[in-house]
Amino acid sequence: MAALTAERDTPRRSGKDMVLPAAASKKFYAGGIGARDASGNATPGATATTILGMGRIKNTVDNSAGSAGDQNVEIEKGVFRFGNSTAGDLITRADIGNDCYIVDDQTVAKTNGTNTRSVAGKVFDVDALGVWVEFR
């Protein structure tokens, strides 16, 4: 493509919301961790090494009887509070700014669980109710 020689009407998106096709045989609950699998489909957060945390699932979607792409999943970017793991994987304020890892669709941990977990996002804050995770 050549350089511009006139004004261009460039489309814009906020970058706060995205829509991904649902992975096959999955149910997504509003408020849960939404991730992207290796095929580019939405999948609920789970202990796996082939997914990437994308944000919070906006609406419940039941694709449990469907094929990949039969339904779409809305995922919101931002900072959201999820459950904190326990024992050696408990996230503390000392972890603010570090990656945290997906345990399930509502819990994050400090470590990758000996290479069994994928990145959820960055630890934004920690309070008595959980971990605030930043999804970019």
# chains A, B, ... in the order shown; residues from 1 in each chain; ligands from 1
call {"tool": "residues_around", "arguments": {"residues": "A:Ala46", "least_positions_apart": "2", "cutoff": "10 Å", "atoms": "only C-alpha atoms", "output": "list in words"}}
result
Ile33, Gly34, Ala35, Thr43, Pro44, Ala48, Thr49, Ile51, Gly53, Tyr101, Ile102, Val103, Asp104, Asp105, Gln106, Thr107, Val108, Arg117, Ser118 and Ala120 of chain A
call {"tool": "select_by_dssp", "arguments": {"residues": "chain A", "states": "strand (DSSP E)", "output": "number ranges by chain"}}
result
A: 17-21, 26-28, 33-36, 42-44, 52-57, 61-63, 72-76, 78-84, 99-104, 107-109, 119-127, 130-135
call {"tool": "select_by_dssp", "arguments": {"residues": "stretch 15-132 of chain A", "states": "helix (DSSP H, G or I)", "output": "VMD selection string"}}
result
chain A and resid 87 to 89 93 to 95
call {"tool": "write_last_selection", "arguments": {"atoms": "C-alpha atoms", "output": "mmCIF file, in the first residue's frame"}}
result
data_model
loop_
_atom_site.group_PDB
_atom_site.id
_atom_site.type_symbol
_atom_site.label_atom_id
_atom_site.label_comp_id
_atom_site.auth_asym_id
_atom_site.auth_seq_id
_atom_site.Cartn_x
_atom_site.Cartn_y
_atom_site.Cartn_z
ATOM 1 C CA ALA A 87 -1.094 -21.303 49.898
ATOM 2 C CA GLY A 88 2.063 -20.919 47.765
ATOM 3 C CA ASP A 89 0.066 -19.456 44.879
ATOM 4 C CA ARG A 93 0.463 -6.715 47.092
ATOM 5 C CA ALA A 94 4.136 -7.481 46.390
ATOM 6 C CA ASP A 95 2.938 -9.047 43.107
#
call {"tool": "closest_atom_pairs", "arguments": {"of": "stretch 69-124 of chain A", "to": "stretch 10-18 of chain A", "cutoff": "7 Å", "atoms": "only C-alpha atoms", "output": "JSON lines"}}
result
{"residue": "A:Glu74", "atom": "CA", "partner": "A:Met18", "partner_atom": "CA", "distance": 5.8}
{"residue": "A:Ile75", "atom": "CA", "partner": "A:Met18", "partner_atom": "CA", "distance": 5.3}
{"residue": "A:Glu76", "atom": "CA", "partner": "A:Asp17", "partner_atom": "CA", "distance": 4.5}
{"residue": "A:Lys77", "atom": "CA", "partner": "A:Lys16", "partner_atom": "CA", "distance": 4.7}
{"residue": "A:Gly78", "atom": "CA", "partner": "A:Lys16", "partner_atom": "CA", "distance": 6.8}
